[in-house]
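K.L.:
This is input32.txt, which holds compact mmCIF, C-alpha atoms:
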# COMPACT_ATOMS: atom_id res chain seq x y z
CA MET D 1491 -10.53 30.98 -1.09
CA GLN D 1492 -9.04 34.44 -1.57
CA TYR D 1493 -5.27 34.82 -1.67
CA THR D 1494 -3.82 37.95 -0.11
CA SER D 1495 -0.11 37.11 -0.29
CA ASP D 1496 2.42 34.79 -1.90
CA GLU D 1497 2.86 32.87 1.35
CA ARG D 1498 2.28 29.16 0.88
CA ILE D 1499 -0.92 27.84 2.45
CA ASP D 1500 -0.24 24.50 4.13
CA THR D 1501 -3.63 23.20 5.25
CA TYR D 1502 -2.19 19.85 6.29
CA HIS D 1503 0.47 21.44 8.51
CA ASN D 1504 -2.10 23.69 10.18
CA TRP D 1505 -4.44 20.74 10.79
CA GLN D 1506 -1.61 18.58 12.09
CA GLN D 1507 -0.49 21.25 14.56
CA SER D 1508 -4.06 21.55 15.86
CA GLN D 1509 -4.13 17.84 16.80
CA LYS D 1510 -1.68 18.43 19.69
CA ILE D 1511 0.02 15.03 19.52
CA PRO D 1512 3.75 14.27 19.06
CA ILE D 1513 5.22 14.72 15.57
CA ASN D 1514 8.19 12.49 14.70
CA THR D 1515 10.52 13.45 11.86
CA GLY D 1516 13.80 12.19 10.42
CA PHE D 1517 14.79 9.32 8.14
CA PHE D 1518 13.59 6.37 10.20
CA ILE D 1519 11.79 5.26 13.35
CA GLU D 1520 13.68 2.60 15.27
CA ASP D 1521 10.67 1.00 16.97
CA LEU D 1522 7.06 1.98 16.28
CA ARG D 1523 5.97 0.16 19.43
CA LYS D 1524 7.98 2.50 21.63
CA ILE D 1525 7.34 5.98 20.26
CA GLU D 1526 5.51 8.35 22.60
CA VAL D 1527 1.79 8.81 22.02
CA ALA D 1528 -0.63 11.32 23.51
CA PRO D 1529 -4.43 11.66 23.77
CA TRP D 1530 -5.84 12.30 20.30
CA ASP D 1531 -9.35 13.70 20.39
CA HIS D 1532 -9.80 13.42 16.61
CA LYS D 1533 -9.40 9.63 16.79
CA GLY D 1534 -10.68 8.98 20.29
CA GLY D 1535 -7.48 7.16 21.27
CA LEU D 1536 -3.80 8.05 21.59
CA GLY D 1537 -1.52 8.89 18.71
CA ALA D 1538 1.61 10.35 17.18
CA PHE D 1539 2.41 11.59 13.67
CA ILE D 1540 5.37 10.43 11.57
CA ASN D 1541 6.63 12.67 8.77
CA LEU D 1542 9.76 11.12 7.32
CA ASP D 1543 12.27 13.16 5.34
CA GLY D 1544 11.96 12.68 1.59
CA THR D 1545 8.20 12.16 1.39
CA GLY D 1546 7.82 15.48 -0.39
CA GLY D 1547 4.52 16.35 1.24
CA THR D 1548 2.67 13.55 -0.56
CA ASN D 1549 2.05 11.21 2.36
CA ASP D 1550 2.34 10.89 6.12
CA ALA D 1551 2.03 8.20 8.76
CA TYR D 1552 0.81 7.87 12.30
CA VAL D 1553 0.76 5.44 15.19
CA CYS D 1554 -2.50 5.04 17.06
CA GLU D 1555 -3.17 3.26 20.34
CA ILE D 1556 -6.57 1.99 21.49
CA PRO D 1557 -6.83 1.47 25.27
CA PRO D 1558 -8.03 -1.92 26.61
CA GLY D 1559 -11.68 -2.62 25.90
CA LYS D 1560 -12.17 0.68 24.03
CA GLN D 1561 -12.82 1.75 20.46
CA LEU D 1562 -11.96 4.72 18.25
CA ARG D 1563 -14.51 7.21 16.96
CA PRO D 1564 -16.40 6.34 13.76
CA GLN D 1565 -14.71 8.32 10.97
CA ARG D 1566 -14.50 8.85 7.25
CA GLN D 1567 -12.07 10.93 5.24
CA LEU D 1568 -11.33 11.81 1.65
CA TYR D 1569 -7.80 10.44 1.66
CA GLU D 1570 -6.40 6.95 1.35
CA GLU D 1571 -5.19 4.95 4.31
CA MET D 1572 -3.57 1.57 4.86
CA VAL D 1573 -3.24 0.03 8.31
CA PHE D 1574 -0.72 -2.45 9.74
CA ILE D 1575 -1.41 -3.97 13.17
CA LEU D 1576 1.61 -3.82 15.49
CA ASP D 1577 0.17 -5.15 18.76
CA GLY D 1578 -3.14 -6.45 20.03
CA HIS D 1579 -6.27 -8.14 18.75
CA GLY D 1580 -9.44 -6.43 17.63
CA ALA D 1581 -11.81 -5.71 14.78
CA THR D 1582 -12.71 -3.06 12.21
CA SER D 1583 -16.16 -2.19 10.89
CA VAL D 1584 -16.54 -0.49 7.49
CA TRP D 1585 -19.74 0.85 5.96
CA GLN D 1586 -21.32 3.43 3.68
CA LYS D 1587 -24.34 5.55 4.54
CA ASN D 1588 -27.46 3.36 4.49
CA GLY D 1589 -25.34 0.31 3.64
CA ARG D 1590 -24.62 -2.81 5.68
CA LYS D 1591 -21.52 -3.02 7.85
CA HIS D 1592 -18.57 -5.26 7.07
CA THR D 1593 -16.67 -6.34 10.20
CA PHE D 1594 -13.43 -8.32 10.23
CA GLU D 1595 -11.01 -9.31 12.99
CA TRP D 1596 -7.26 -8.73 13.01
CA HIS D 1597 -4.12 -9.39 15.05
CA PRO D 1598 -0.39 -8.49 14.93
CA GLY D 1599 0.83 -8.70 11.34
CA SER D 1600 -2.56 -7.97 9.73
CA LEU D 1601 -2.69 -5.41 6.93
CA PHE D 1602 -5.72 -3.75 5.35
CA GLY D 1603 -6.77 -0.78 3.28
CA VAL D 1604 -9.57 1.57 4.34
CA PRO D 1605 -11.74 2.14 1.24
CA LEU D 1606 -11.79 5.80 0.26
CA ASN D 1607 -14.32 7.93 2.17
CA THR D 1608 -16.02 4.99 3.87
CA TRP D 1609 -17.17 5.14 7.47
CA HIS D 1610 -14.96 2.94 9.61
CA GLN D 1611 -14.31 2.21 13.28
CA LEU D 1612 -11.59 0.20 15.03
CA PHE D 1613 -12.20 -1.78 18.23
CA ASN D 1614 -9.82 -3.23 20.81
CA GLY D 1615 -11.07 -6.76 21.42
CA GLN D 1616 -9.05 -7.27 24.60
CA GLY D 1617 -9.84 -5.90 28.02
CA ASN D 1618 -6.35 -6.07 29.48
CA VAL D 1619 -3.91 -4.75 26.84
CA SER D 1620 -3.78 -1.87 24.36
CA VAL D 1621 -3.90 -2.16 20.59
CA ARG D 1622 -1.29 -0.27 18.60
CA TYR D 1623 -1.29 0.12 14.84
CA PHE D 1624 0.68 1.97 12.18
CA ALA D 1625 -1.06 3.72 9.29
CA VAL D 1626 0.12 5.47 6.12
CA THR D 1627 -2.09 8.04 4.37
CA ASN D 1628 -1.96 10.60 1.58
CA ALA D 1629 -3.60 13.24 3.79
CA PRO D 1630 -0.93 15.92 3.09
CA PHE D 1631 -1.53 15.74 -0.65
CA MET D 1632 -5.32 15.75 -0.40
CA MET D 1633 -5.60 18.48 2.25
CA ASN D 1634 -3.24 20.77 0.36
CA LEU D 1635 -5.01 20.08 -2.92
CA PHE D 1636 -8.44 21.24 -1.71
CA HIS D 1637 -7.62 23.47 1.31
CA ASN D 1638 -10.98 22.61 2.86
CA LEU D 1639 -11.26 20.29 5.88
CA ASP D 1640 -15.05 20.06 5.66
CA PHE D 1641 -14.64 18.65 2.15
CA ILE D 1642 -12.10 16.12 3.47
CA PHE D 1643 -13.96 14.96 6.60
CA ASP D 1644 -17.63 15.68 5.84
CA ASN D 1645 -18.16 14.54 2.26
CA ASP D 1646 -21.10 12.26 1.41
CA PHE D 1647 -19.78 10.99 -1.90
CA ALA D 1648 -19.64 7.16 -2.05
CA PHE D 1649 -16.92 5.61 -4.22
CA ALA D 1650 -18.94 2.59 -5.37
CA ASP D 1651 -16.11 1.57 -7.68
CA ARG D 1652 -13.88 1.05 -4.64
CA PHE D 1653 -16.30 -0.40 -2.10
CA LEU D 1654 -19.62 -2.16 -2.62
CA PRO D 1655 -21.43 -3.00 0.63
CA GLU D 1656 -23.12 -5.90 -1.16
CA ASP D 1657 -19.76 -7.62 -1.80
CA ASP D 1658 -19.67 -10.31 0.91
CA GLU D 1659 -16.06 -11.22 0.05
CA TYR D 1660 -14.60 -7.71 0.26
CA PHE D 1661 -12.69 -8.26 3.52
CA SER D 1662 -12.51 -12.05 3.30
CA GLY D 1663 -8.75 -12.02 2.75
CA LYS D 1664 -9.13 -13.66 -0.66
CA GLY D 1665 -7.06 -11.89 -3.29
CA GLN D 1666 -6.48 -12.00 -7.01
CA LEU D 1667 -2.86 -12.59 -8.00
CA TRP D 1668 -1.15 -11.54 -11.20
CA GLY D 1669 2.59 -11.92 -11.37
CA ARG D 1670 3.90 -10.77 -8.00
CA LYS D 1671 0.96 -8.40 -7.37
CA MET D 1672 -2.05 -9.28 -5.26
CA SER D 1673 -5.28 -7.28 -5.40
CA VAL D 1674 -6.67 -7.73 -1.91
CA ASN D 1675 -8.38 -5.59 0.75
CA PHE D 1676 -7.36 -7.48 3.89
CA VAL D 1677 -4.25 -9.57 4.54
CA PRO D 1678 -4.87 -11.53 7.76
CA ASN D 1679 -1.19 -12.29 8.35
CA THR D 1680 1.62 -10.75 6.31
CA ARG D 1681 4.13 -12.91 8.17
CA ASP D 1682 3.08 -16.18 6.59
CA ILE D 1683 1.68 -15.13 3.21
CA GLN D 1684 3.22 -16.85 0.21
CA LEU D 1685 6.03 -14.95 -1.50
CA TYR D 1686 7.09 -15.31 -5.13
CA GLU D 1687 10.57 -15.47 -6.60
CA TRP D 1688 12.01 -12.24 -7.99
CA LYS D 1689 15.37 -13.03 -9.54
CA GLU D 1690 15.89 -9.44 -10.68
CA ARG D 1691 16.14 -8.35 -7.04
CA GLY D 1692 18.98 -10.81 -6.34
CA ALA D 1693 19.49 -14.50 -5.73
CA GLY D 1694 17.02 -15.97 -3.27
CA GLY D 1695 14.77 -12.91 -3.27
CA ARG D 1696 11.03 -13.46 -2.83
CA HIS D 1697 8.31 -10.84 -2.89
CA VAL D 1698 4.63 -9.95 -3.13
CA ASN D 1699 3.11 -6.55 -3.89
CA PHE D 1700 -0.29 -5.56 -2.45
CA ASP D 1701 -2.98 -3.52 -4.19
CA LEU D 1702 -5.19 -2.57 -1.21
CA ALA D 1703 -8.81 -1.43 -1.55
CA GLY D 1704 -8.17 0.11 -4.96
CA ASN D 1705 -5.90 2.74 -3.42
CA VAL D 1706 -3.46 4.38 -5.83
CA MET D 1707 -0.72 4.48 -3.19
CA ALA D 1708 -1.12 0.87 -2.07
CA PRO D 1709 0.65 -0.93 -4.96
CA THR D 1710 3.95 -0.15 -3.24
CA SER D 1711 2.94 -1.87 -0.01
CA ARG D 1712 5.12 -4.92 -0.25
CA ASN D 1713 6.40 -7.94 1.60
CA SER D 1714 9.88 -9.12 0.62
CA GLN D 1715 12.42 -11.62 1.83
CA TRP D 1716 15.97 -12.43 0.84
CA ALA D 1717 17.77 -15.68 1.54
CA GLY D 1718 18.82 -15.91 5.18
CA THR D 1719 16.90 -12.78 6.27
CA ARG D 1720 13.76 -12.12 8.26
CA ARG D 1721 10.65 -11.08 6.38
CA PRO D 1722 9.83 -7.34 6.67
CA ILE D 1723 6.64 -5.59 5.65
CA VAL D 1724 7.41 -2.39 3.74
CA MET D 1725 4.81 0.37 3.49
CA ALA D 1726 6.28 2.91 1.10
CA PRO D 1727 3.40 4.61 -0.73
CA GLU D 1728 3.68 6.68 -3.86
CA LEU D 1729 0.98 8.60 -5.70
CA THR D 1730 0.68 6.46 -8.81
CA SER D 1731 -2.05 5.56 -11.25
CA PRO D 1732 -3.91 2.30 -10.62
CA SER D 1733 -2.66 -0.57 -12.73
Translate this file's structure into structure tokens.

P.N.:
Amino acid sequence: MQYTSDERIDTYHNWQQSQKIPINTGFFIEDLRKIEVAPWDHKGGLGAFINLDGTGGTNDAYVCEIPPGKQLRPQRQLYEEMVFILDGHGATSVWQKNGRKHTFEWHPGSLFGVPLNTWHQLFNGQGNVSVRYFAVTNAPFMMNLFHNLDFIFDNDFAFADRFLPEDDEYFSGKGQLWGRKMSVNFVPNTRDIQLYEWKERGAGGRHVNFDLAGNVMAPTSRNSQWAGTRRPIVMAPELTSPS
């Protein structure tokens, strides 16, 4: 790339504008199930971006909707992504080139990480209602680091340290727990997973922290509950080093 001025090159912004779907900004979204979505050719469904104030250009989010009985396009990308199912039942297939496919089913409340640069495809398993999910990625950081969309979306490198097609248990939902952290790639239901006491956060506080698919932003995906409150799922990624 040759620079001809001091003007900042924002590859992510340019790519985002080219997607021609709604872009939501501000400090919060009141209801992810109600935000407007529009046809999104890149995904093969409907979608909307979310760029919250304070993220500093390190991560973004989006909502995607899969019409009844349909599926999204097969895709891979050189940025991390974690997915939380808002509505609907369906399945996801994940694979590497020349490797076997892993397919697992999900429903509202499911959470999973997409292993870095793996092929993946999401399917709506119902013929009468749409699926809607919420995803957080570090696309802004990665796109603005390399300034090359072909490198991001058409890269053959396989991260065998993050995903081994031969691992039959990868999306089984079984995790390894240490302290209040769980290394897991698929959480079937965040709403009934066991939480662990965290006195430092206040009396009655309970919590679990997810490390999803080896992603460096996933350790801050967390599920917390305080005495007398409903249990929220918090997806607040940071670019950190793996523990």

K.L.:
Tell me, counting all atoms listed in the file, for each residue of range 1571-1684 of chain D within 7 Å of range 1496-1516 of chain D, which pair of atoms is nearest and how far apart they are in Å to one decimal, in rows ordered by chain and increasing number, as CSV.

P.N.:
residue,atom,partner,partner_atom,distance
D:Pro1630,CA,D:Tyr1502,CA,5.2
D:Met1633,CA,D:Tyr1502,CA,5.5
D:Asn1634,CA,D:Thr1501,CA,5.5
D:His1637,CA,D:Thr1501,CA,5.6

K.L.:
Would you mind telling me which residue in D:Trp1609, D:Phe1647, D:Phe1631, D:Phe1624 lies nearest to Ile1556 in chain D when using all atoms listed in the file?

P.N.:
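Going through D:Trp1609, D:Phe1647, D:Phe1631, D:Phe1624 one by one, the smallest distance to Ile1556 in chain D is for D:Phe1624.
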
K.L.:
Give me the residues within 7 Å of Val1626 in chain D as a PDB file with C-alpha atoms, keeping the file's coordinate frame, counting only C-alpha atoms and dropping any in the same chain fewer than 6 places off.

P.N.:
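Once everything was written out, this is selection20.pdb:
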ATOM      1  CA  ASP D1550       2.340  10.890   6.120  1.00  0.00           C
ATOM      2  CA  ALA D1551       2.030   8.200   8.760  1.00  0.00           C
ATOM      3  CA  TYR D1552       0.810   7.870  12.300  1.00  0.00           C
ATOM      4  CA  GLU D1571      -5.190   4.950   4.310  1.00  0.00           C
ATOM      5  CA  MET D1572      -3.570   1.570   4.860  1.00  0.00           C
ATOM      6  CA  VAL D1573      -3.240   0.030   8.310  1.00  0.00           C
TER       7      VAL D1573
END

K.L.:
Out of D:Asn1614, D:Ser1600, D:Gln1586, D:Asn1628, which residue has the shortest atom-to-atom distance to Thr1548 in chain D when counting only C-alpha atoms?

P.N.:
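Ranking D:Asn1614, D:Ser1600, D:Gln1586, D:Asn1628 by distance to Thr1548 in chain D, first place goes to D:Asn1628.
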
K.L.:
Just checking: using all atoms listed in the file, which residue out of D:Val1527, D:Met1672, D:Ala1703, D:Leu1639 ends up closest to Leu1568 in chain D?

P.N.:
D:Leu1639

K.L.:
Using Å and a single decimal, report how far CA of Gln1561 in chain D sits from CA of Ala1538 in chain D.

P.N.:
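Atom-to-atom, CA of Ala1538 in chain D to CA of Gln1561 in chain D, that is 17.1 Å.
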
K.L.:
Would you mind reading off the distance between CA of Phe1676 in chain D and CA of Gly1547 in chain D, one decimal, in Å?

P.N.:
26.8 Å

K.L.:
Calculate how many Å separate CA of Phe1613 in chain D from CA of Gly1559 in chain D, rounding to one decimal.

P.N.:
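One can read the CA of Phe1613 in chain D to CA of Gly1559 in chain D distance as 7.7 Å.
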
K.L.:
Point out the residue among D:Pro1564, D:Ile1519, D:Ser1620, D:Gly1589 with the least atom-to-atom distance to Glu1656 in chain D, counting all atoms listed in the file.

P.N.:
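Selected residue with least distance to Glu1656 in chain D: D:Gly1589.
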
K.L.:
Smallest atom-to-atom distance to Leu1654 in chain D: which of D:Arg1696, D:Lys1587, D:Lys1524, D:Arg1670, using all atoms listed in the file?

P.N.:
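Comparing D:Arg1696, D:Lys1587, D:Lys1524, D:Arg1670 against Leu1654 in chain D, the winner is D:Lys1587.
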
K.L.:
Which is closest to Asn1541 in chain D among D:Ile1642, D:Val1698, D:Val1553, D:Val1604, if we use all atoms listed in the file?

P.N.:
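Counting all atoms listed in the file, the residue closest to Asn1541 in chain D is D:Val1553.
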